[in-house]
$ cat work.cif   # mmCIF, C-alpha atoms
data_coords
#
loop_
_atom_site.label_atom_id
_atom_site.label_comp_id
_atom_site.auth_asym_id
_atom_site.auth_seq_id
_atom_site.Cartn_x
_atom_site.Cartn_y
_atom_site.Cartn_z
CA MET A 1 130.50 102.97 75.22
CA MET A 2 126.86 103.95 75.72
CA GLN A 3 127.65 107.45 74.47
CA ALA A 4 125.92 107.59 71.10
CA SER A 5 122.39 108.53 72.07
CA MET A 6 121.29 108.54 75.63
CA LEU A 7 118.34 109.67 77.65
CA GLU A 8 118.11 112.77 79.78
CA ARG A 9 116.92 111.24 83.04
CA ARG A 10 114.52 113.95 84.20
CA GLU A 11 112.68 114.14 80.90
CA PHE A 12 112.50 110.35 80.61
CA VAL A 13 111.04 109.88 84.12
CA ARG A 14 108.70 112.82 83.62
CA ARG A 15 107.31 111.16 80.51
CA LEU A 16 106.94 107.82 82.26
CA LEU A 17 104.81 109.42 84.96
CA ILE A 18 102.51 111.59 82.84
CA GLU A 19 98.86 110.98 83.74
CA ARG A 20 99.96 108.24 86.07
CA GLY A 21 96.56 107.61 87.61
CA ASP A 22 96.77 105.04 90.39
CA LEU A 23 100.27 103.84 89.53
CA LEU A 24 102.17 102.99 92.74
CA VAL A 25 105.81 104.09 92.53
CA ILE A 26 108.77 102.93 94.61
CA ALA A 27 111.79 105.18 94.04
CA GLY A 28 115.31 103.96 94.77
CA LEU A 29 117.71 106.00 96.85
CA GLY A 30 119.66 108.85 95.36
CA SER A 31 118.99 110.31 91.96
CA ALA A 32 116.02 108.04 91.19
CA THR A 33 114.19 109.49 94.18
CA TYR A 34 115.03 113.02 93.00
CA ASP A 35 113.88 112.21 89.44
CA VAL A 36 110.56 110.82 90.64
CA ALA A 37 110.04 113.82 92.91
CA ALA A 38 110.93 116.20 90.06
CA ALA A 39 108.23 114.59 87.91
CA GLY A 40 105.70 115.75 90.50
CA ASP A 41 105.40 114.87 94.15
CA HIS A 42 102.62 112.34 94.71
CA ALA A 43 101.22 110.56 97.75
CA LEU A 44 101.57 107.24 95.91
CA ASN A 45 105.35 107.69 95.70
CA PHE A 46 107.41 105.80 98.23
CA TYR A 47 110.79 107.53 98.28
CA LEU A 48 113.83 105.69 99.56
CA TRP A 49 116.75 107.51 101.13
CA GLY A 50 118.59 104.36 102.13
CA ALA A 51 118.06 100.58 102.19
CA MET A 52 120.26 100.26 99.11
CA GLY A 53 119.60 97.05 97.23
CA GLY A 54 116.08 96.67 98.59
CA THR A 55 113.98 98.71 96.17
CA ALA A 56 112.90 95.90 93.85
CA MET A 57 111.87 93.70 96.77
CA ILE A 58 109.68 96.45 98.20
CA GLY A 59 108.03 96.41 94.80
CA LEU A 60 107.48 92.65 95.02
CA GLY A 61 105.90 92.82 98.49
CA LEU A 62 103.60 95.58 97.28
CA ALA A 63 102.77 93.76 94.04
CA LEU A 64 101.75 90.63 95.96
CA ALA A 65 99.67 92.66 98.41
CA GLN A 66 97.94 94.72 95.69
CA PRO A 67 97.48 92.36 92.74
CA ALA A 68 94.85 94.59 91.11
CA ARG A 69 97.13 97.63 90.98
CA ARG A 70 100.21 98.45 88.93
CA ILE A 71 103.54 98.93 90.64
CA ALA A 72 106.58 100.68 89.13
CA VAL A 73 109.99 100.45 90.76
CA ILE A 74 112.22 103.25 89.47
CA THR A 75 115.80 102.99 90.63
CA GLY A 76 119.44 103.26 89.66
CA ASP A 77 121.97 100.72 88.41
CA GLY A 78 123.92 100.75 91.70
CA ASP A 79 120.83 99.86 93.72
CA MET A 80 119.84 97.14 91.25
CA LEU A 81 123.32 95.64 91.23
CA MET A 82 123.30 95.46 95.03
CA GLY A 83 120.02 93.53 94.91
CA LEU A 84 120.70 91.42 91.84
CA GLY A 85 119.42 88.28 93.59
CA SER A 86 116.04 89.93 93.97
CA LEU A 87 115.57 89.64 90.20
CA ALA A 88 115.74 85.86 90.63
CA THR A 89 113.34 86.03 93.58
CA ILE A 90 110.87 88.12 91.58
CA GLY A 91 111.28 85.78 88.62
CA VAL A 92 110.14 82.89 90.77
CA LYS A 93 106.92 84.71 91.73
CA GLU A 94 106.31 86.26 88.27
CA PRO A 95 104.14 89.15 89.44
CA LYS A 96 102.08 90.35 86.46
CA ASN A 97 101.64 93.84 87.91
CA LEU A 98 105.26 94.75 88.65
CA ALA A 99 107.65 96.76 86.49
CA ILE A 100 111.25 97.68 87.25
CA VAL A 101 112.85 100.61 85.45
CA VAL A 102 116.56 101.00 86.05
CA LEU A 103 117.96 104.43 85.26
CA ASP A 104 121.34 103.20 84.13
CA ASN A 105 124.15 105.70 83.81
CA GLY A 106 126.83 103.16 84.67
CA SER A 107 127.84 105.28 87.62
CA TYR A 108 127.45 105.79 91.36
CA GLY A 109 126.09 109.34 91.23
CA GLU A 110 125.78 109.97 94.95
CA THR A 111 129.38 109.16 95.71
CA GLY A 112 131.21 110.91 92.90
CA MET A 113 130.31 109.14 89.66
CA GLN A 114 132.56 106.15 90.09
CA PRO A 115 131.91 103.52 87.40
CA SER A 116 129.45 100.73 88.16
CA HIS A 117 129.54 97.20 86.74
CA THR A 118 127.16 98.20 83.95
CA GLN A 119 129.71 100.69 82.65
CA ALA A 120 132.04 97.73 82.25
CA GLY A 121 129.41 96.08 80.09
CA ILE A 122 127.44 94.00 82.58
CA ASP A 123 123.98 93.78 81.03
CA LEU A 124 121.12 94.15 83.49
CA ALA A 125 118.43 93.49 80.89
CA ALA A 126 120.11 90.19 80.00
CA VAL A 127 120.22 89.26 83.70
CA ALA A 128 116.53 90.08 83.98
CA ARG A 129 115.68 87.97 80.91
CA ALA A 130 117.52 85.07 82.48
CA CYS A 131 115.43 85.66 85.62
CA ARG A 132 112.13 85.25 83.74
CA PHE A 133 111.34 88.85 82.92
CA PRO A 134 110.16 87.87 79.44
CA ALA A 135 110.34 91.23 77.69
CA ALA A 136 113.30 92.75 79.49
CA ARG A 137 114.88 95.41 77.29
CA ALA A 138 117.15 98.40 77.15
CA VAL A 139 116.03 101.78 75.82
CA SER A 140 118.08 104.81 74.85
CA ARG A 141 115.77 107.04 72.79
CA ILE A 142 113.33 109.47 74.36
CA GLU A 143 110.73 108.45 71.75
CA GLU A 144 110.55 105.09 73.54
CA ALA A 145 109.34 106.70 76.77
CA ASP A 146 105.67 106.60 75.73
CA GLU A 147 105.93 102.91 74.94
CA ILE A 148 107.52 102.19 78.32
CA ARG A 149 104.89 104.31 80.03
CA ALA A 150 102.20 102.16 78.39
CA LEU A 151 103.98 99.03 79.62
CA LEU A 152 103.94 100.33 83.20
CA HIS A 153 100.17 100.67 83.04
CA ALA A 154 99.16 97.62 81.04
CA GLY A 155 102.14 95.42 80.15
CA ASP A 156 102.34 91.78 81.12
CA GLY A 157 104.78 91.63 84.03
CA PRO A 158 107.22 91.21 85.41
CA ILE A 159 108.61 94.00 83.25
CA PHE A 160 112.22 95.13 83.23
CA VAL A 161 113.62 98.15 81.45
CA SER A 162 117.19 99.34 81.52
CA ALA A 163 117.05 103.01 80.52
CA ARG A 164 120.41 104.21 79.26
CA ILE A 165 120.62 107.69 80.68
CA SER A 166 123.40 110.19 80.21
CA ARG A 167 125.91 110.85 82.95
CA GLU A 168 125.29 114.54 83.28
CA GLU A 169 124.36 115.60 86.79
CA THR A 170 120.97 117.10 87.45
CA PRO A 171 119.94 119.43 90.27
CA ARG A 172 118.71 117.63 93.36
CA VAL A 173 114.99 117.76 93.96
CA LEU A 174 114.47 116.69 97.53
CA PRO A 175 111.11 115.22 98.54
CA LEU A 176 109.95 114.18 102.02
CA ARG A 177 112.70 112.48 103.99
CA ASP A 178 110.81 111.40 107.11
CA GLY A 179 110.24 107.67 106.69
CA HIS A 180 107.14 107.54 108.86
CA GLY A 181 105.66 110.45 106.94
CA ILE A 182 106.37 108.94 103.51
CA LYS A 183 104.91 105.59 104.59
CA GLN A 184 101.83 107.03 106.22
CA ARG A 185 101.05 109.33 103.32
CA PHE A 186 101.38 106.43 100.88
CA MET A 187 99.22 104.06 102.93
CA THR A 188 96.53 106.67 103.50
CA ALA A 189 96.35 107.46 99.79
CA LEU A 190 96.25 103.78 98.85
CA ALA A 191 93.51 103.07 101.40
CA ALA A 192 91.47 105.89 99.89
CA LEU A 193 91.73 104.16 96.49
CA ASN A 194 90.77 100.79 97.87
CA PRO A 195 87.18 100.72 99.06
CA ALA A 196 87.06 99.09 102.49
CA MET B 1 120.76 59.82 119.26
CA PRO B 2 117.86 59.24 121.63
CA SER B 3 117.44 62.96 122.26
CA GLN B 4 116.26 63.37 118.67
CA ASN B 5 113.44 60.92 119.24
CA THR B 6 112.09 62.68 122.29
CA LEU B 7 111.95 66.16 120.72
CA ASP B 8 108.56 67.82 120.62
CA THR B 9 108.11 68.61 116.93
CA SER B 10 104.71 70.31 116.90
CA TRP B 11 105.99 73.83 117.54
CA PRO B 12 106.03 74.83 113.86
CA ASP B 13 102.29 74.12 113.73
CA THR B 14 101.83 76.44 116.69
CA ILE B 15 103.75 79.23 114.99
CA HIS B 16 101.78 78.72 111.79
CA ALA B 17 98.52 78.89 113.76
CA HIS B 18 99.58 82.27 115.15
CA PHE B 19 100.45 83.50 111.65
CA ARG B 20 96.93 82.57 110.65
CA ARG B 21 95.41 84.15 113.74
CA VAL B 22 97.04 87.53 113.16
CA GLY B 23 96.55 87.45 109.40
CA VAL B 24 100.09 87.04 108.09
CA ARG B 25 99.72 87.01 104.29
CA GLN B 26 103.33 86.87 103.11
CA VAL B 27 106.22 84.82 104.46
CA GLY B 28 109.78 85.29 103.22
CA TYR B 29 112.49 82.75 103.87
CA VAL B 30 115.73 81.18 102.76
CA PRO B 31 115.44 77.39 102.90
CA ASP B 32 116.47 76.12 106.34
CA ALA B 33 116.41 72.73 108.01
CA GLY B 34 115.18 74.09 111.34
CA HIS B 35 112.30 75.94 109.66
CA SER B 36 111.50 73.19 107.16
CA ARG B 37 108.15 72.18 108.65
CA LEU B 38 107.00 75.78 109.18
CA ILE B 39 108.04 76.62 105.61
CA ALA B 40 106.04 73.65 104.32
CA LEU B 41 102.99 74.73 106.32
CA CYS B 42 103.23 78.24 104.89
CA ARG B 43 103.72 76.97 101.34
CA ASP B 44 100.61 74.80 101.64
CA ASP B 45 98.52 77.62 103.09
CA PRO B 46 96.40 79.31 100.39
CA ASN B 47 96.16 82.43 102.55
CA ILE B 48 99.93 82.91 102.58
CA ALA B 49 102.17 83.90 99.68
CA ASP B 50 105.48 82.19 100.32
CA VAL B 51 108.49 83.97 98.90
CA VAL B 52 111.76 82.09 98.73
CA LEU B 53 114.67 84.53 98.87
CA THR B 54 118.25 84.41 97.65
CA THR B 55 119.38 86.27 100.76
CA GLU B 56 117.56 87.25 103.92
CA GLU B 57 117.88 90.98 103.39
CA GLU B 58 115.52 90.69 100.43
CA GLY B 59 112.90 89.72 102.98
CA VAL B 60 113.19 93.06 104.74
CA GLY B 61 112.17 94.85 101.56
CA LEU B 62 109.36 92.34 101.08
CA VAL B 63 107.99 93.12 104.55
CA ALA B 64 108.03 96.87 103.85
CA GLY B 65 106.32 96.46 100.49
CA ALA B 66 103.68 94.15 101.92
CA ALA B 67 102.94 96.67 104.68
CA LEU B 68 102.65 99.52 102.17
CA GLY B 69 100.05 97.38 100.43
CA GLY B 70 98.18 96.65 103.67
CA GLU B 71 99.43 93.11 104.25
CA ARG B 72 101.28 91.60 107.18
CA ALA B 73 104.45 89.65 106.44
CA ALA B 74 106.80 87.55 108.54
CA LEU B 75 110.37 86.44 107.95
CA LEU B 76 111.92 83.09 108.76
CA MET B 77 115.67 82.85 108.91
CA GLN B 78 118.64 81.18 110.47
CA SER B 79 120.83 83.14 112.88
CA SER B 80 123.42 83.57 110.13
CA GLY B 81 120.78 85.36 108.06
CA VAL B 82 120.37 88.05 110.69
CA GLY B 83 123.83 89.29 109.84
CA ASN B 84 122.81 89.63 106.19
CA CYS B 85 119.96 91.98 107.13
CA ILE B 86 121.56 94.56 109.36
CA ASN B 87 121.61 97.62 107.09
CA MET B 88 118.28 96.71 105.50
CA PHE B 89 116.60 96.60 108.90
CA SER B 90 117.00 100.40 108.95
CA LEU B 91 114.14 100.50 106.43
CA LEU B 92 111.75 99.07 109.01
CA ARG B 93 112.98 101.29 111.79
CA ASN B 94 113.01 104.51 109.78
CA CYS B 95 109.47 104.07 108.55
CA GLY B 96 107.93 102.40 111.59
CA PHE B 97 106.99 99.19 109.81
CA ALA B 98 106.05 96.20 111.94
CA GLY B 99 108.65 93.44 111.80
CA LEU B 100 108.33 89.84 112.89
CA VAL B 101 111.38 87.64 112.44
CA VAL B 102 111.51 84.03 113.60
CA VAL B 103 115.10 82.91 113.91
CA THR B 104 116.37 79.35 114.18
CA MET B 105 119.59 79.47 116.16
CA ARG B 106 122.86 77.94 115.09
CA GLY B 107 126.26 78.25 116.65
CA GLU B 108 125.19 77.43 120.17
CA PHE B 109 124.12 74.35 122.16
CA GLY B 110 125.45 71.24 120.46
CA GLU B 111 126.75 73.00 117.35
CA PHE B 112 129.08 70.80 115.34
CA ASN B 113 130.20 73.49 112.92
CA PRO B 114 132.49 76.19 114.33
CA TRP B 115 131.78 78.41 111.31
CA GLN B 116 128.29 78.98 112.71
CA VAL B 117 129.53 80.17 116.09
CA PRO B 118 130.73 83.75 115.41
CA MET B 119 127.35 84.91 114.06
CA GLY B 120 125.29 82.68 116.32
CA THR B 121 126.83 84.14 119.44
CA ILE B 122 126.09 87.77 118.41
CA THR B 123 122.68 87.24 116.81
CA GLU B 124 120.57 88.40 119.75
CA ASP B 125 122.78 91.40 120.51
CA ALA B 126 122.82 92.37 116.84
CA LEU B 127 119.03 92.25 116.67
CA ARG B 128 118.75 94.45 119.75
CA LEU B 129 121.17 96.98 118.27
CA CYS B 130 118.94 97.03 115.18
CA GLY B 131 115.96 97.97 117.34
CA PHE B 132 114.34 94.58 117.83
CA LEU B 133 112.72 93.28 120.97
CA THR B 134 114.06 89.76 121.33
CA TYR B 135 112.42 86.74 122.91
CA ARG B 136 114.22 83.46 123.22
CA ILE B 137 112.47 80.11 123.38
CA GLU B 138 114.18 77.09 124.90
CA SER B 139 111.22 74.79 125.47
CA PRO B 140 108.31 73.68 123.27
CA ALA B 141 105.99 74.51 126.17
CA ASP B 142 106.75 78.22 125.72
CA VAL B 143 106.20 78.47 121.97
CA ASP B 144 102.48 79.23 122.04
CA GLU B 145 102.67 81.99 124.61
CA ILE B 146 105.80 83.72 123.36
CA VAL B 147 105.05 83.53 119.65
CA GLY B 148 101.50 84.69 120.30
CA ALA B 149 102.70 87.66 122.33
CA GLY B 150 105.40 88.45 119.78
CA CYS B 151 102.91 88.48 116.90
CA ASP B 152 100.61 90.81 118.81
CA MET B 153 103.39 93.18 119.81
CA ALA B 154 104.77 93.36 116.28
CA PHE B 155 101.56 93.84 114.37
CA ASP B 156 99.40 95.70 116.89
CA GLY B 157 102.23 97.96 118.00
CA ASP B 158 104.22 98.37 114.77
CA LEU B 159 107.25 97.10 116.66
CA LEU B 160 110.23 95.04 115.61
CA VAL B 161 110.07 91.63 117.27
CA ALA B 162 112.50 88.75 116.87
CA ILE B 163 111.77 85.32 118.28
CA LEU B 164 114.85 83.16 118.69
CA LEU B 165 114.27 79.43 118.59
CA SER B 166 117.16 77.92 120.48
CA GLN B 167 119.12 74.99 119.21
CA ARG B 168 117.83 73.01 122.19
CA LEU B 169 114.29 73.54 120.91
CA ILE B 170 114.86 72.73 117.26
CA GLY B 171 117.32 69.91 117.93
CA ARG B 172 120.98 69.96 117.21
CA LYS B 173 121.82 69.42 113.57
CA LEU B 174 122.98 65.89 112.94
CA TRP B 175 126.46 65.66 111.55
CA THR B 176 126.70 62.89 109.01
CA ARG B 177 129.65 62.12 106.82
#
$ encode --input "work.cif" --output "structure tokens"
Amino acid sequence: MMQASMLERREFVRRLLIERGDLLVIAGLGSATYDVAAAGDHALNFYLWGAMGGTAMIGLGLALAQPARRIAVITGDGDMLMGLGSLATIGVKEPKNLAIVVLDNGSYGETGMQPSHTQAGIDLAAVARACRFPAARAVSRIEEADEIRALLHAGDGPIFVSARISREETPRVLPLRDGHGIKQRFMTALAALNPA
Amino acid sequence: MPSQNTLDTSWPDTIHAHFRRVGVRQVGYVPDAGHSRLIALCRDDPNIADVVLTTEEEGVGLVAGAALGGERAALLMQSSGVGNCINMFSLLRNCGFAGLVVVTMRGEFGEFNPWQVPMGTITEDALRLCGFLTYRIESPADVDEIVGAGCDMAFDGDLLVAILLSQRLIGRKLWTR
């Protein structure tokens, strides 16, 4: 299953983040953090190295605090599955400025590519639709990246995209790991965007 | 139960007033009988976004995201919810986010349900192991001072502060068949 045509994760994320402007990005632990870093380190990236299951909720807190800005959560299927209830929580609040992109390879990449629930056919986009993400969808063609990128910047949220990526392993690209440093850099850059 | 009738029930208003004073803008919670009045006050407050959670650990992410966006957030939970948060609390500690958690205690004084006891009896120790300063309130007379100090320590000092509202304060849960 899911083998026919699938996305190369680095190229897909790179295309999502082209000319990103003021997009605020929360990257889930593991490969999603490496993918976001590989697309170009940016002060408005908040990289996670732990807190598995919490990525989408960080996006919600940020979306509520910054309603005039666009927030993109980019994470993996394992992280999303661990925080599945957060889709229901976000659905209750319906933040218009929040998008969640799950890089779904059906596998736990950091621990040896063991199969995740999505590999067994559990459908994250269908879960998201049931949680009031109106246009939740799955994508598997690189040509769709530009459309998803446009959604991140101007789509009516909450947005959910399950990106079917291939299972091939990519080289690690390791960004900042100091939590205080990542936080402070992000907050300083955001404060510079927001006139006092 | 005459003790129920003599309970001072204004403490949630005091906590809410401190949330307002220090500018708490987001409050995450799982519905809870002990916190019901405070939750209602937060829901009715146009300055506070109330976020009802499916599990308490979601609230830890919420707090971090709010802080990244420049807002202060507080969490309300029952002692059982503390156990749900333990790994997620590492997010706050690793990044130096302020954390304010107000915990209604179960599994102690007057508890009718033994299933609440194992977590209730380790709640304060667990919070300390997670890096929280803990302050326990037994009497309504102490709510103003301790919650006020806790709010200031958390948000002015970027510290993790947990305020434990004892079962004697909130009133033992009535057991009805």
$ resolve_selection --input "work.cif" --expression "the PyMOL selection byres ((chain B and resi 60-70) around 7)" --output "number ranges by chain"
A: 54-55, 57-62, 65-66, 183, 187; B: 57-59, 71-74, 88-89, 92, 97
$ atom_distance --input "work.cif" --atom1 "atom CA of Arg20 of chain B" --atom2 "atom CA of Leu24 of chain A"
27.7 Å
$ resolve_selection --input "work.cif" --expression "the PyMOL selection byres ((chain B and resi 52) around 6)" --output "list in words"
Gly28, Tyr29, Val30, Val51 and Leu53 of chain B
$ resolve_selection --input "work.cif" --expression "the PyMOL selection byres ((chain A and resi 119) around 10)" --output "ChimeraX atom specification"
/A:1-2,77,104-107,114-118,120-123
$ atom_distance --input "work.cif" --atom1 "atom CA of Pro175 of chain A" --atom2 "atom CA of Pro67 of chain A"
27.2 Å
$ closest_residue --input "work.cif" --among "B:Arg25, B:Phe19, B:Ala162, B:Leu75" --to "Leu127 of chain B" --atoms "only C-alpha atoms"
B:Ala162
$ closest_residue --input "work.cif" --among "A:Val161, A:Ala192, A:Ala130, A:Met52" --to "Ile74 of chain A" --atoms "all atoms listed in the file"
A:Val161
$ residues_around --input "work.cif" --residues "Ile90 of chain A" --least-positions-apart "3" --cutoff "9 Å" --atoms "all atoms listed in the file" --output "ChimeraX atom specification"
/A:56-57,60,85-87,93-95,131-133,158 /B:51,53
$ residues_around --input "work.cif" --residues "His153 of chain A" --least-positions-apart "5" --cutoff "12 Å" --atoms "all atoms listed in the file" --output "number ranges by chain"
A: 16-25, 68-72, 96-99, 146-148, 159
$ build_atoms --input "work.cif" --residues "segment 26-49 of chain A" --atoms "N, CA and C atoms" --output "compact mmCIF listing (two decimals), in the coordinates of the input"
# COMPACT_ATOMS: atom_id res chain seq x y z
N ILE A 26 107.71 103.06 93.62
CA ILE A 26 108.77 102.93 94.61
C ILE A 26 110.03 103.51 93.97
N ALA A 27 110.62 104.51 94.61
CA ALA A 27 111.79 105.18 94.04
C ALA A 27 113.04 104.82 94.83
N GLY A 28 114.06 104.36 94.13
CA GLY A 28 115.31 103.96 94.77
C GLY A 28 116.12 105.16 95.24
N LEU A 29 116.96 104.90 96.21
CA LEU A 29 117.71 106.00 96.85
C LEU A 29 118.57 106.76 95.85
N GLY A 30 118.80 108.03 96.19
CA GLY A 30 119.66 108.85 95.36
C GLY A 30 118.89 109.49 94.22
N SER A 31 119.54 109.52 93.07
CA SER A 31 118.99 110.31 91.96
C SER A 31 117.63 109.82 91.50
N ALA A 32 117.34 108.53 91.62
CA ALA A 32 116.02 108.04 91.19
C ALA A 32 114.91 108.69 92.03
N THR A 33 115.16 108.80 93.32
CA THR A 33 114.19 109.49 94.18
C THR A 33 114.02 110.94 93.76
N TYR A 34 115.14 111.61 93.42
CA TYR A 34 115.03 113.02 93.00
C TYR A 34 114.28 113.13 91.66
N ASP A 35 114.55 112.17 90.76
CA ASP A 35 113.88 112.21 89.44
C ASP A 35 112.37 112.03 89.59
N VAL A 36 111.98 111.08 90.45
CA VAL A 36 110.56 110.82 90.64
C VAL A 36 109.90 112.02 91.31
N ALA A 37 110.59 112.62 92.26
CA ALA A 37 110.04 113.82 92.91
C ALA A 37 109.93 114.97 91.91
N ALA A 38 110.94 115.10 91.04
CA ALA A 38 110.93 116.20 90.06
C ALA A 38 109.78 116.06 89.07
N ALA A 39 109.35 114.81 88.84
CA ALA A 39 108.23 114.59 87.91
C ALA A 39 106.91 115.02 88.53
N GLY A 40 106.92 115.33 89.81
CA GLY A 40 105.70 115.75 90.50
C GLY A 40 105.50 114.93 91.75
N ASP A 41 105.59 115.61 92.90
CA ASP A 41 105.40 114.87 94.15
C ASP A 41 103.99 114.27 94.16
N HIS A 42 103.89 113.07 94.75
CA HIS A 42 102.62 112.34 94.71
C HIS A 42 102.55 111.46 95.95
N ALA A 43 101.38 111.37 96.54
CA ALA A 43 101.22 110.56 97.75
C ALA A 43 101.48 109.09 97.48
N LEU A 44 101.33 108.66 96.23
CA LEU A 44 101.57 107.24 95.91
C LEU A 44 103.01 107.01 95.47
N ASN A 45 103.91 107.92 95.85
CA ASN A 45 105.35 107.69 95.70
C ASN A 45 105.92 107.26 97.04
N PHE A 46 106.66 106.18 97.03
CA PHE A 46 107.41 105.80 98.23
C PHE A 46 108.88 106.05 97.93
N TYR A 47 109.41 107.11 98.54
CA TYR A 47 110.79 107.53 98.28
C TYR A 47 111.73 106.82 99.24
N LEU A 48 112.79 106.27 98.70
CA LEU A 48 113.83 105.69 99.56
C LEU A 48 115.00 106.65 99.67
N TRP A 49 115.56 106.70 100.85
CA TRP A 49 116.75 107.51 101.13
C TRP A 49 117.86 106.61 101.66
